[in-house]
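With PDB, C-alpha atoms inside, this is target_2.pdb:
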```
ATOM      1  CA  GLU Z   1      -9.426  21.353 -17.957
ATOM      2  CA  GLU Z   2      -7.918  18.313 -16.278
ATOM      3  CA  ILE Z   3      -5.961  15.313 -17.551
ATOM      4  CA  ILE Z   4      -6.748  11.958 -15.942
ATOM      5  CA  VAL Z   5      -4.220   9.209 -16.630
ATOM      6  CA  LEU Z   6      -4.901   5.496 -16.271
ATOM      7  CA  PRO Z   7      -1.410   4.379 -15.236
ATOM      8  CA  HIS Z   8       0.272   1.124 -16.185
ATOM      9  CA  ILE Z   9       0.045  -0.855 -19.431
ATOM     10  CA  LEU Z  10      -3.414  -2.393 -19.619
ATOM     11  CA  SER Z  11      -2.545  -4.853 -22.400
ATOM     12  CA  VAL Z  12      -0.775  -7.048 -19.831
ATOM     13  CA  GLY Z  13      -1.689  -8.428 -16.423
ATOM     14  CA  PRO Z  14      -5.120  -8.990 -14.861
ATOM     15  CA  ILE Z  15      -7.838  -6.409 -15.530
ATOM     16  CA  GLU Z  16     -10.783  -8.352 -14.113
ATOM     17  CA  SER Z  17     -12.924  -5.986 -11.970
ATOM     18  CA  LEU Z  18     -10.374  -3.207 -12.485
ATOM     19  CA  HIS Z  19     -13.128  -0.678 -11.761
ATOM     20  CA  THR Z  20     -13.178  -1.848  -8.118
ATOM     21  CA  GLU Z  21     -10.640  -1.616  -5.289
ATOM     22  CA  LYS Z  22     -10.494  -5.411  -5.113
ATOM     23  CA  GLY Z  23      -9.760  -5.686  -8.832
ATOM     24  CA  ILE Z  24      -7.001  -3.069  -8.629
ATOM     25  CA  GLU Z  25      -5.485  -4.836  -5.604
ATOM     26  CA  ASN Z  26      -5.560  -8.190  -7.429
ATOM     27  CA  ARG Z  27      -3.867  -6.654 -10.478
ATOM     28  CA  PHE Z  28      -1.001  -5.180  -8.539
ATOM     29  CA  GLN Z  29      -0.610  -8.271  -6.389
ATOM     30  CA  TRP Z  30      -0.062 -10.232  -9.601
ATOM     31  CA  PHE Z  31       2.642  -7.781 -10.677
ATOM     32  CA  LYS Z  32       4.326  -7.995  -7.268
ATOM     33  CA  GLU Z  33       4.532 -11.763  -7.711
ATOM     34  CA  HIS Z  34       5.712 -11.791 -11.341
ATOM     35  CA  TYR Z  35       7.607  -8.554 -12.005
ATOM     36  CA  ARG Z  36      10.876  -7.311 -10.510
ATOM     37  CA  ASP Z  37       9.855  -4.059  -8.805
ATOM     38  CA  GLU Z  38      13.438  -2.844  -8.409
ATOM     39  CA  PHE Z  39      12.457   0.850  -8.341
ATOM     40  CA  ASN Z  40       9.418   0.349  -6.057
ATOM     41  CA  ASP Z  41       7.023   1.746  -8.664
ATOM     42  CA  LEU Z  42       4.130  -0.666  -8.184
ATOM     43  CA  GLU Z  43       2.597   0.956  -5.108
ATOM     44  CA  GLU Z  44       2.686   4.335  -6.862
ATOM     45  CA  TYR Z  45       0.950   2.830  -9.908
ATOM     46  CA  LYS Z  46      -1.694   1.237  -7.688
ATOM     47  CA  GLN Z  47      -2.485   4.490  -5.913
ATOM     48  CA  GLY Z  48      -2.557   6.271  -9.272
ATOM     49  CA  MET Z  49      -5.069   3.756 -10.619
ATOM     50  CA  LEU Z  50      -7.316   4.103  -7.573
ATOM     51  CA  LYS Z  51      -7.323   7.906  -7.905
ATOM     52  CA  ALA Z  52      -7.892   7.798 -11.672
ATOM     53  CA  ILE Z  53     -10.913   5.484 -11.391
ATOM     54  CA  GLU Z  54     -12.391   7.698  -8.659
ATOM     55  CA  LYS Z  55     -11.884  10.847 -10.757
ATOM     56  CA  ILE Z  56     -13.445   9.292 -13.860
ATOM     57  CA  LYS Z  57     -16.509   8.227 -11.901
ATOM     58  CA  GLY Z  58     -16.751  11.775 -10.492
ATOM     59  CA  ILE Z  59     -16.658  13.685 -13.794
ATOM     60  CA  ALA Z  60     -19.318  16.414 -13.702
ATOM     61  CA  SER Z  61     -22.236  16.184 -16.119
ATOM     62  CA  TYR Z  62     -21.446  19.521 -17.817
ATOM     63  CA  GLN Z  63     -17.890  18.586 -18.835
ATOM     64  CA  GLN Z  64     -16.863  17.428 -22.288
ATOM     65  CA  ILE Z  65     -14.793  14.249 -22.218
ATOM     66  CA  ILE Z  66     -11.947  13.625 -24.647
ATOM     67  CA  ILE Z  67     -10.494  10.116 -24.483
ATOM     68  CA  TRP Z  68      -6.989   9.888 -25.960
ATOM     69  CA  THR Z  69      -6.119   6.553 -27.516
ATOM     70  CA  CYS Z  70      -3.899   4.933 -30.159
ATOM     71  CA  GLU Z  71      -3.667   1.741 -32.225
ATOM     72  CA  ASN Z  72      -2.502  -0.574 -29.452
ATOM     73  CA  ALA Z  73      -4.208  -2.895 -26.983
ATOM     74  CA  ALA Z  74      -3.267  -0.897 -23.885
ATOM     75  CA  GLU Z  75      -4.884   2.364 -24.984
ATOM     76  CA  GLN Z  76      -7.836   0.694 -26.706
ATOM     77  CA  ILE Z  77      -8.597  -1.138 -23.457
ATOM     78  CA  GLY Z  78      -8.398   2.178 -21.626
ATOM     79  CA  LEU Z  79     -10.938   3.667 -24.044
ATOM     80  CA  ARG Z  80     -13.394   0.852 -23.421
ATOM     81  CA  ILE Z  81     -13.002   0.818 -19.648
ATOM     82  CA  VAL Z  82     -13.513   4.584 -19.419
ATOM     83  CA  LEU Z  83     -16.687   4.314 -21.509
ATOM     84  CA  TYR Z  84     -17.900   1.574 -19.183
ATOM     85  CA  LEU Z  85     -17.202   3.771 -16.153
ATOM     86  CA  ILE Z  86     -19.176   6.718 -17.567
ATOM     87  CA  GLN Z  87     -22.003   4.693 -19.115
ATOM     88  CA  ASN Z  88     -24.670   6.492 -17.068
ATOM     89  CA  LYS Z  89     -23.363   9.977 -17.853
ATOM     90  CA  LEU Z  90     -24.867  12.106 -20.624
ATOM     91  CA  ASN Z  91     -21.661  14.041 -21.356
ATOM     92  CA  ASP Z  92     -20.487  14.439 -24.932
ATOM     93  CA  VAL Z  93     -17.568  12.048 -25.463
ATOM     94  CA  PHE Z  94     -14.858  12.556 -28.071
ATOM     95  CA  GLU Z  95     -12.192  10.059 -29.128
ATOM     96  CA  LEU Z  96      -8.794  11.445 -30.118
ATOM     97  CA  ASN Z  97      -6.804   8.665 -31.771
ATOM     98  CA  THR Z  98      -3.197   9.868 -31.958
ATOM     99  CA  PHE Z  99      -2.276   7.399 -34.726
ATOM    100  CA  LYS Z 100      -5.105   8.627 -36.954
ATOM    101  CA  ALA Z 101      -4.442  12.270 -36.062
ATOM    102  CA  PHE Z 102      -0.737  11.921 -36.884
ATOM    103  CA  HIS Z 103      -1.397  10.442 -40.319
ATOM    104  CA  GLU Z 104      -4.192  12.893 -41.095
ATOM    105  CA  LEU Z 105      -2.023  15.928 -40.323
ATOM    106  CA  TYR Z 106       1.251  14.539 -41.766
ATOM    107  CA  THR Z 107       2.000  12.544 -44.911
ATOM    108  CA  TYR Z 108       4.451   9.777 -44.012
ATOM    109  CA  PRO Z 109       3.320   6.606 -45.861
ATOM    110  CA  MET Z 110       6.401   4.671 -44.687
ATOM    111  CA  LEU Z 111       5.699   5.502 -41.038
ATOM    112  CA  GLU Z 112       2.079   4.465 -41.449
ATOM    113  CA  GLU Z 113       3.205   1.159 -42.961
ATOM    114  CA  GLU Z 114       5.568   0.688 -40.010
ATOM    115  CA  GLN Z 115       2.620   1.434 -37.683
ATOM    116  CA  TYR Z 116       4.230   4.514 -36.141
ATOM    117  CA  PRO Z 117       3.299   5.759 -33.619
ATOM    118  CA  ARG Z 118       2.612   2.524 -31.759
ATOM    119  CA  THR Z 119       1.661   4.520 -28.655
ATOM    120  CA  SER Z 120       0.712   8.085 -27.824
ATOM    121  CA  GLY Z 121       3.812   8.218 -25.630
ATOM    122  CA  GLU Z 122       6.086   8.027 -28.694
ATOM    123  CA  LEU Z 123       4.931  11.482 -29.770
ATOM    124  CA  ALA Z 124       6.319  14.824 -28.611
ATOM    125  CA  PRO Z 125       4.169  17.069 -26.380
ATOM    126  CA  GLU Z 126       4.143  19.670 -29.177
ATOM    127  CA  GLN Z 127       2.570  17.130 -31.523
ATOM    128  CA  LEU Z 128      -0.093  16.175 -28.977
ATOM    129  CA  LEU Z 129      -0.939  19.868 -28.537
ATOM    130  CA  GLN Z 130      -1.229  20.231 -32.303
ATOM    131  CA  PHE Z 131      -3.647  17.282 -32.448
ATOM    132  CA  TYR Z 132      -5.723  18.802 -29.650
ATOM    133  CA  GLU Z 133      -5.944  22.150 -31.444
ATOM    134  CA  GLN Z 134      -6.289  21.035 -35.067
ATOM    135  CA  PHE Z 135      -7.732  17.515 -35.255
ATOM    136  CA  GLU Z 136     -11.456  17.658 -35.990
ATOM    137  CA  LEU Z 137     -13.414  15.953 -33.231
ATOM    138  CA  ARG Z 138     -17.036  14.880 -33.347
ATOM    139  CA  PRO Z 139     -19.056  13.467 -30.456
ATOM    140  CA  MET Z 140     -19.047   9.678 -30.412
ATOM    141  CA  ASN Z 141     -22.406   8.386 -31.612
ATOM    142  CA  ARG Z 142     -24.642   6.395 -29.318
ATOM    143  CA  ALA Z 143     -24.265   3.060 -31.159
ATOM    144  CA  LYS Z 144     -20.447   3.115 -31.127
ATOM    145  CA  ARG Z 145     -20.351   4.267 -27.530
ATOM    146  CA  HIS Z 146     -22.678   1.485 -26.440
ATOM    147  CA  ALA Z 147     -20.738  -1.174 -28.386
ATOM    148  CA  LEU Z 148     -17.417  -0.093 -26.875
ATOM    149  CA  LEU Z 149     -18.741   0.053 -23.311
ATOM    150  CA  ASP Z 150     -20.099  -3.483 -23.796
ATOM    151  CA  GLU Z 151     -16.584  -4.538 -24.780
ATOM    152  CA  GLY Z 152     -15.328  -2.753 -21.674
ATOM    153  CA  ASN Z 153     -17.763  -4.733 -19.543
ATOM    154  CA  ASN Z 154     -16.531  -7.985 -21.108
ATOM    155  CA  LEU Z 155     -12.915  -6.993 -20.483
ATOM    156  CA  LEU Z 156     -13.671  -6.368 -16.820
ATOM    157  CA  LEU Z 157     -15.117  -9.887 -16.592
ATOM    158  CA  SER Z 158     -12.145 -11.532 -18.303
ATOM    159  CA  GLU Z 159      -9.469 -13.544 -16.505
ATOM    160  CA  SER Z 160      -6.921 -13.213 -19.334
ATOM    161  CA  LEU Z 161      -3.410 -11.882 -18.691
ATOM    162  CA  LEU Z 162      -2.545 -10.697 -22.202
ATOM    163  CA  ARG Z 163      -4.460  -8.834 -24.892
ATOM    164  CA  THR Z 164      -3.609  -8.230 -28.562
ATOM    165  CA  TRP Z 165      -4.739  -5.401 -30.857
ATOM    166  CA  GLU Z 166      -4.987  -6.594 -34.450
ATOM    167  CA  ASN Z 167      -7.157  -5.608 -37.422
ATOM    168  CA  ASP Z 168      -8.956  -3.004 -35.288
ATOM    169  CA  GLU Z 169     -10.018  -5.666 -32.775
ATOM    170  CA  LEU Z 170      -8.980  -6.743 -29.290
ATOM    171  CA  TRP Z 171      -8.100 -10.397 -28.761
ATOM    172  CA  HIS Z 172      -7.312 -12.349 -25.627
ATOM    173  CA  SER Z 173      -3.960 -14.087 -26.114
ATOM    174  CA  ASP Z 174      -2.015 -16.926 -24.531
ATOM    175  CA  VAL Z 175       0.546 -15.690 -22.051
ATOM    176  CA  GLU Z 176       3.289 -17.274 -24.216
ATOM    177  CA  ARG Z 177       2.404 -15.121 -27.247
ATOM    178  CA  ASP Z 178       5.742 -13.257 -27.361
ATOM    179  CA  ASP Z 179       8.068 -16.146 -26.497
ATOM    180  CA  ASP Z 180       8.886 -17.171 -30.081
ATOM    181  CA  PHE Z 181       9.732 -13.580 -30.962
ATOM    182  CA  ILE Z 182      12.109 -13.307 -27.988
ATOM    183  CA  ILE Z 183      13.869 -16.448 -29.249
ATOM    184  CA  HIS Z 184      13.953 -15.042 -32.797
ATOM    185  CA  CYS Z 185      15.553 -11.798 -31.579
ATOM    186  CA  ALA Z 186      18.130 -13.748 -29.559
ATOM    187  CA  LYS Z 187      19.082 -15.737 -32.673
ATOM    188  CA  THR Z 188      19.446 -12.481 -34.616
ATOM    189  CA  LEU Z 189      21.714 -10.940 -31.982
ATOM    190  CA  HIS Z 190      23.868 -14.068 -31.716
ATOM    191  CA  LYS Z 191      24.275 -14.007 -35.509
ATOM    192  CA  GLU Z 192      25.108 -10.285 -35.590
ATOM    193  CA  ARG Z 193      27.687 -10.706 -32.842
ATOM    194  CA  GLY Z 194      29.288 -13.582 -34.721
ATOM    195  CA  GLN Z 195      29.529 -15.651 -31.563
ATOM    196  CA  HIS Z 196      27.279 -17.688 -29.329
ATOM    197  CA  ASP Z 197      28.037 -15.955 -26.061
ATOM    198  CA  TYR Z 198      26.177 -14.292 -23.200
ATOM    199  CA  MET Z 199      24.537 -10.923 -23.850
ATOM    200  CA  LYS Z 200      23.033  -8.406 -21.470
ATOM    201  CA  ALA Z 201      19.394  -9.294 -20.761
ATOM    202  CA  ALA Z 202      18.515  -5.612 -21.189
ATOM    203  CA  ARG Z 203      20.078  -5.661 -24.681
ATOM    204  CA  LEU Z 204      17.891  -8.559 -25.775
ATOM    205  CA  ILE Z 205      14.783  -7.011 -24.214
ATOM    206  CA  GLY Z 206      15.513  -3.731 -26.008
ATOM    207  CA  GLU Z 207      15.807  -5.599 -29.310
ATOM    208  CA  VAL Z 208      12.425  -7.254 -28.737
ATOM    209  CA  ILE Z 209      10.690  -4.021 -27.714
ATOM    210  CA  GLY Z 210      12.177  -2.166 -30.686
ATOM    211  CA  HIS Z 211      10.868  -4.595 -33.274
ATOM    212  CA  MET Z 212       7.678  -6.137 -31.920
ATOM    213  CA  GLN Z 213       4.342  -4.863 -33.146
ATOM    214  CA  GLN Z 214       2.411  -5.172 -29.889
ATOM    215  CA  TYR Z 215       2.870  -2.793 -26.953
ATOM    216  CA  THR Z 216       3.594  -4.503 -23.636
ATOM    217  CA  GLY Z 217       6.481  -2.686 -21.957
ATOM    218  CA  ASP Z 218       9.918  -4.035 -21.114
ATOM    219  CA  GLN Z 219       8.923  -5.621 -17.785
ATOM    220  CA  TRP Z 220       6.490  -7.980 -19.517
ATOM    221  CA  ILE Z 221       9.202  -9.114 -21.929
ATOM    222  CA  GLU Z 222      11.603  -9.594 -19.019
ATOM    223  CA  TYR Z 223       8.951 -11.678 -17.243
ATOM    224  CA  ARG Z 224       8.633 -13.872 -20.322
ATOM    225  CA  LEU Z 225      12.433 -14.123 -20.644
ATOM    226  CA  ARG Z 226      12.686 -15.387 -17.064
ATOM    227  CA  ASP Z 227      10.021 -17.958 -17.896
ATOM    228  CA  LEU Z 228      12.095 -19.114 -20.879
ATOM    229  CA  ILE Z 229      15.082 -19.412 -18.537
ATOM    230  CA  ALA Z 230      12.981 -21.538 -16.191
ATOM    231  CA  LYS Z 231      12.058 -23.752 -19.154
ATOM    232  CA  GLU Z 232      15.796 -24.118 -19.885
ATOM    233  CA  ILE Z 233      15.530 -22.526 -23.327
ATOM    234  CA  PHE Z 234      17.931 -19.759 -22.254
ATOM    235  CA  ALA Z 235      20.998 -20.053 -20.038
ATOM    236  CA  TYR Z 236      21.844 -17.153 -17.746
ATOM    237  CA  ARG Z 237      24.507 -15.871 -15.439
ATOM    238  CA  GLY Z 238      24.173 -13.157 -12.808
ATOM    239  CA  ASP Z 239      21.313 -12.067 -10.546
ATOM    240  CA  LEU Z 240      17.758 -12.544 -11.834
ATOM    241  CA  ASN Z 241      16.392 -10.050  -9.308
ATOM    242  CA  ALA Z 242      17.070  -7.119 -11.652
ATOM    243  CA  MET Z 243      17.081  -6.892 -15.446
ATOM    244  CA  ARG Z 244      20.401  -5.042 -15.515
ATOM    245  CA  LEU Z 245      22.185  -7.638 -13.356
ATOM    246  CA  TYR Z 246      22.146 -10.735 -15.557
ATOM    247  CA  GLU Z 247      23.109 -11.971 -18.994
ATOM    248  CA  VAL Z 248      21.534 -14.620 -21.185
ATOM    249  CA  LYS Z 249      22.220 -16.762 -24.192
ATOM    250  CA  LEU Z 250      20.037 -19.126 -26.182
ATOM    251  CA  LYS Z 251      20.936 -22.722 -25.438
ATOM    252  CA  GLU Z 252      22.759 -24.530 -28.220
ATOM    253  CA  GLU Z 253      19.926 -26.945 -29.011
ATOM    254  CA  PHE Z 254      17.542 -24.020 -29.708
ATOM    255  CA  LEU Z 255      19.973 -21.882 -31.698
ATOM    256  CA  HIS Z 256      19.203 -23.458 -35.066
ATOM    257  CA  LEU Z 257      15.734 -24.754 -34.265
ATOM    258  CA  THR Z 258      12.842 -23.345 -36.316
ATOM    259  CA  MET Z 259      10.176 -22.150 -33.881
TER     260      MET Z 259
END
```

Can the structure in the file be given as structure tokens, please?
Amino acid sequence: EEIIVLPHILSVGPIESLHTEKGIENRFQWFKEHYRDEFNDLEEYKQGMLKAIEKIKGIASYQQIIIWTCENAAEQIGLRIVLYLIQNKLNDVFELNTFKAFHELYTYPMLEEEQYPRTSGELAPEQLLQFYEQFELRPMNRAKRHALLDEGNNLLLSESLLRTWENDELWHSDVERDDDFIIHCAKTLHKERGQHDYMKAARLIGEVIGHMQQYTGDQWIEYRLRDLIAKEIFAYRGDLNAMRLYEVKLKEEFLHLTM
């Protein structure tokens, strides 16, 4: 058995022609221009994506394929792109949805209402092993497989930079989708602190990530925060070249404004 991982968060950034070397290069060039790669991770992610796509295309015809996914745009996009990549293979394909497996094996109505887990990565390895051993899997039927690979084809033709998972459907979203929520979280933190003063950018980003429904990763939120700084909605002090090196505060005229 082998685990193939599609690295990076596919809900954000370009995914047009991601099944090709040119598409992968274009995706990571966009991140180089818009993210702060302070730990030099982007080249590693790019090489990982190239290897993963090559391995998926090379899966032998006798192997069963289990695609792990969850109720978020990033993993649902991964499901569809993988099905597109293996469209000419006759292998049995199984979908293991970690959200559905979690709530089938455990009874936590409150967690289900709170949409936990948002991602497979929020679960412990022991839980993932339990799903693999105990969750009943059936081969994906031809109609569903064909419909999802068609969606994968459309995704690979799309020029969008942000995708949303809502009501069991993928939507292309405006790049500014999360901006109002960042402002809302800043207002909340200013109120909790009892003063309108600078706060660590990482603290605000953590607040947003902890409460938002969609899964994007902290670097996307930091990218949007820098855009809000450029639009003069937030003031900052420090060095914008790294998330941990600057502080922000909502400008006075936006503090009491209803967005």

task: Tell me which residues the PyMOL selection byres ((chain Z and resi 31) around 10) grabs here, as number ranges by chain.
output: Z: 12-14, 26-30, 32-37, 42, 219-220, 223

task: Using only C-alpha atoms, determine which residues lie at most 10 Å from Z:Lys55, disregarding the query and same-chain residues fewer than 5 positions distant; provide the list as a count of residues only.
output: 5

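As for atom CA of Z:Glu207 and atom CA of Z:Asn72, they are spaced 19.0 Å apart.
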
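Across the model, the gap from atom CA of Z:Ile24 to atom CA of Z:Ile53 is 9.8 Å.
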
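In this model, the gap between atom CA of Z:Ala186 and atom CA of Z:Glu71 comes to 26.9 Å.
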
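If you count all atoms listed in the file and ignore residues fewer than 4 places along the chain from Z:His190, what sits within 12 Å of it is Ile183, His184, Cys185, Ala186, Gly194, Gln195, His196, Asp197, Tyr198, Met199, Lys200, Arg203, Leu204, Glu207, Val248, Lys249, Leu250, Lys251, Glu252, Phe254, Leu255 and His256 of chain Z.
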
May I have the selected residues written with C-alpha atoms, as a CSV table (one decimal), keeping the file's coordinate frame?
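And here is the file that came out, out-v4.csv:
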```
chain,number,residue,atom,x,y,z
Z,183,ILE,CA,13.9,-16.4,-29.2
Z,184,HIS,CA,14.0,-15.0,-32.8
Z,185,CYS,CA,15.6,-11.8,-31.6
Z,186,ALA,CA,18.1,-13.7,-29.6
Z,194,GLY,CA,29.3,-13.6,-34.7
Z,195,GLN,CA,29.5,-15.7,-31.6
Z,196,HIS,CA,27.3,-17.7,-29.3
Z,197,ASP,CA,28.0,-16.0,-26.1
Z,198,TYR,CA,26.2,-14.3,-23.2
Z,199,MET,CA,24.5,-10.9,-23.8
Z,200,LYS,CA,23.0,-8.4,-21.5
Z,203,ARG,CA,20.1,-5.7,-24.7
Z,204,LEU,CA,17.9,-8.6,-25.8
Z,207,GLU,CA,15.8,-5.6,-29.3
Z,248,VAL,CA,21.5,-14.6,-21.2
Z,249,LYS,CA,22.2,-16.8,-24.2
Z,250,LEU,CA,20.0,-19.1,-26.2
Z,251,LYS,CA,20.9,-22.7,-25.4
Z,252,GLU,CA,22.8,-24.5,-28.2
Z,254,PHE,CA,17.5,-24.0,-29.7
Z,255,LEU,CA,20.0,-21.9,-31.7
Z,256,HIS,CA,19.2,-23.5,-35.1
```

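Of the listed residues (Z:Asp180, Z:Arg118, Z:Val175, Z:Tyr62), Z:Asp180 comes nearest to Z:Ile233; the distances count all atoms listed in the file.
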
For stretch 206-224 of chain Z, where the input has fewer atoms than it should, I would like N, CA, C and O atoms rebuilt and written as a PDB file, keeping the file's coordinate frame.
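See result_33.pdb below for the written result:
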```pdb
ATOM      1  N   GLY Z 206      15.611  -4.915 -25.160  1.00  0.00           N
ATOM      2  CA  GLY Z 206      15.513  -3.731 -26.008  1.00  0.00           C
ATOM      3  C   GLY Z 206      15.305  -4.081 -27.470  1.00  0.00           C
ATOM      4  O   GLY Z 206      14.532  -3.420 -28.174  1.00  0.00           O
ATOM      5  N   GLU Z 207      15.976  -5.132 -27.932  1.00  0.00           N
ATOM      6  CA  GLU Z 207      15.807  -5.599 -29.310  1.00  0.00           C
ATOM      7  C   GLU Z 207      14.368  -6.048 -29.556  1.00  0.00           C
ATOM      8  O   GLU Z 207      13.763  -5.729 -30.590  1.00  0.00           O
ATOM      9  N   VAL Z 208      13.807  -6.774 -28.605  1.00  0.00           N
ATOM     10  CA  VAL Z 208      12.425  -7.254 -28.737  1.00  0.00           C
ATOM     11  C   VAL Z 208      11.452  -6.079 -28.761  1.00  0.00           C
ATOM     12  O   VAL Z 208      10.590  -5.980 -29.645  1.00  0.00           O
ATOM     13  N   ILE Z 209      11.588  -5.174 -27.795  1.00  0.00           N
ATOM     14  CA  ILE Z 209      10.690  -4.021 -27.714  1.00  0.00           C
ATOM     15  C   ILE Z 209      10.773  -3.164 -28.973  1.00  0.00           C
ATOM     16  O   ILE Z 209       9.769  -2.642 -29.466  1.00  0.00           O
ATOM     17  N   GLY Z 210      11.991  -3.019 -29.521  1.00  0.00           N
ATOM     18  CA  GLY Z 210      12.177  -2.166 -30.686  1.00  0.00           C
ATOM     19  C   GLY Z 210      11.568  -2.699 -31.963  1.00  0.00           C
ATOM     20  O   GLY Z 210      11.304  -1.922 -32.888  1.00  0.00           O
ATOM     21  N   HIS Z 211      11.338  -4.008 -32.027  1.00  0.00           N
ATOM     22  CA  HIS Z 211      10.868  -4.595 -33.274  1.00  0.00           C
ATOM     23  C   HIS Z 211       9.487  -5.249 -33.185  1.00  0.00           C
ATOM     24  O   HIS Z 211       8.907  -5.566 -34.229  1.00  0.00           O
ATOM     25  N   MET Z 212       8.970  -5.471 -32.003  1.00  0.00           N
ATOM     26  CA  MET Z 212       7.678  -6.137 -31.920  1.00  0.00           C
ATOM     27  C   MET Z 212       6.538  -5.168 -32.210  1.00  0.00           C
ATOM     28  O   MET Z 212       6.637  -3.961 -31.956  1.00  0.00           O
ATOM     29  N   GLN Z 213       5.477  -5.682 -32.750  1.00  0.00           N
ATOM     30  CA  GLN Z 213       4.342  -4.863 -33.146  1.00  0.00           C
ATOM     31  C   GLN Z 213       3.475  -4.494 -31.952  1.00  0.00           C
ATOM     32  O   GLN Z 213       2.971  -3.375 -31.854  1.00  0.00           O
ATOM     33  N   GLN Z 214       3.286  -5.404 -31.031  1.00  0.00           N
ATOM     34  CA  GLN Z 214       2.411  -5.172 -29.889  1.00  0.00           C
ATOM     35  C   GLN Z 214       3.119  -4.338 -28.815  1.00  0.00           C
ATOM     36  O   GLN Z 214       4.352  -4.323 -28.742  1.00  0.00           O
ATOM     37  N   TYR Z 215       2.328  -3.665 -27.996  1.00  0.00           N
ATOM     38  CA  TYR Z 215       2.870  -2.793 -26.953  1.00  0.00           C
ATOM     39  C   TYR Z 215       2.617  -3.440 -25.591  1.00  0.00           C
ATOM     40  O   TYR Z 215       1.475  -3.607 -25.176  1.00  0.00           O
ATOM     41  N   THR Z 216       3.714  -3.824 -24.927  1.00  0.00           N
ATOM     42  CA  THR Z 216       3.594  -4.503 -23.636  1.00  0.00           C
ATOM     43  C   THR Z 216       4.450  -3.877 -22.543  1.00  0.00           C
ATOM     44  O   THR Z 216       4.176  -4.058 -21.370  1.00  0.00           O
ATOM     45  N   GLY Z 217       5.529  -3.187 -22.927  1.00  0.00           N
ATOM     46  CA  GLY Z 217       6.481  -2.686 -21.957  1.00  0.00           C
ATOM     47  C   GLY Z 217       7.594  -3.682 -21.703  1.00  0.00           C
ATOM     48  O   GLY Z 217       7.447  -4.895 -21.913  1.00  0.00           O
ATOM     49  N   ASP Z 218       8.749  -3.174 -21.254  1.00  0.00           N
ATOM     50  CA  ASP Z 218       9.918  -4.035 -21.114  1.00  0.00           C
ATOM     51  C   ASP Z 218       9.780  -5.040 -19.976  1.00  0.00           C
ATOM     52  O   ASP Z 218      10.337  -6.138 -20.039  1.00  0.00           O
ATOM     53  N   GLN Z 219       9.027  -4.702 -18.917  1.00  0.00           N
ATOM     54  CA  GLN Z 219       8.923  -5.621 -17.785  1.00  0.00           C
ATOM     55  C   GLN Z 219       8.168  -6.896 -18.159  1.00  0.00           C
ATOM     56  O   GLN Z 219       8.461  -7.974 -17.630  1.00  0.00           O
ATOM     57  N   TRP Z 220       7.191  -6.781 -19.052  1.00  0.00           N
ATOM     58  CA  TRP Z 220       6.490  -7.980 -19.517  1.00  0.00           C
ATOM     59  C   TRP Z 220       7.449  -8.895 -20.278  1.00  0.00           C
ATOM     60  O   TRP Z 220       7.468 -10.116 -20.062  1.00  0.00           O
ATOM     61  N   ILE Z 221       8.258  -8.317 -21.161  1.00  0.00           N
ATOM     62  CA  ILE Z 221       9.202  -9.114 -21.929  1.00  0.00           C
ATOM     63  C   ILE Z 221      10.227  -9.753 -20.994  1.00  0.00           C
ATOM     64  O   ILE Z 221      10.611 -10.922 -21.179  1.00  0.00           O
ATOM     65  N   GLU Z 222      10.660  -9.024 -19.976  1.00  0.00           N
ATOM     66  CA  GLU Z 222      11.603  -9.594 -19.019  1.00  0.00           C
ATOM     67  C   GLU Z 222      10.965 -10.741 -18.234  1.00  0.00           C
ATOM     68  O   GLU Z 222      11.619 -11.759 -17.957  1.00  0.00           O
ATOM     69  N   TYR Z 223       9.690 -10.606 -17.914  1.00  0.00           N
ATOM     70  CA  TYR Z 223       8.951 -11.678 -17.243  1.00  0.00           C
ATOM     71  C   TYR Z 223       8.906 -12.926 -18.120  1.00  0.00           C
ATOM     72  O   TYR Z 223       9.132 -14.052 -17.656  1.00  0.00           O
ATOM     73  N   ARG Z 224       8.667 -12.726 -19.416  1.00  0.00           N
ATOM     74  CA  ARG Z 224       8.633 -13.872 -20.322  1.00  0.00           C
ATOM     75  C   ARG Z 224      10.038 -14.463 -20.508  1.00  0.00           C
ATOM     76  O   ARG Z 224      10.197 -15.680 -20.648  1.00  0.00           O
TER      77      ARG Z 224
END
```
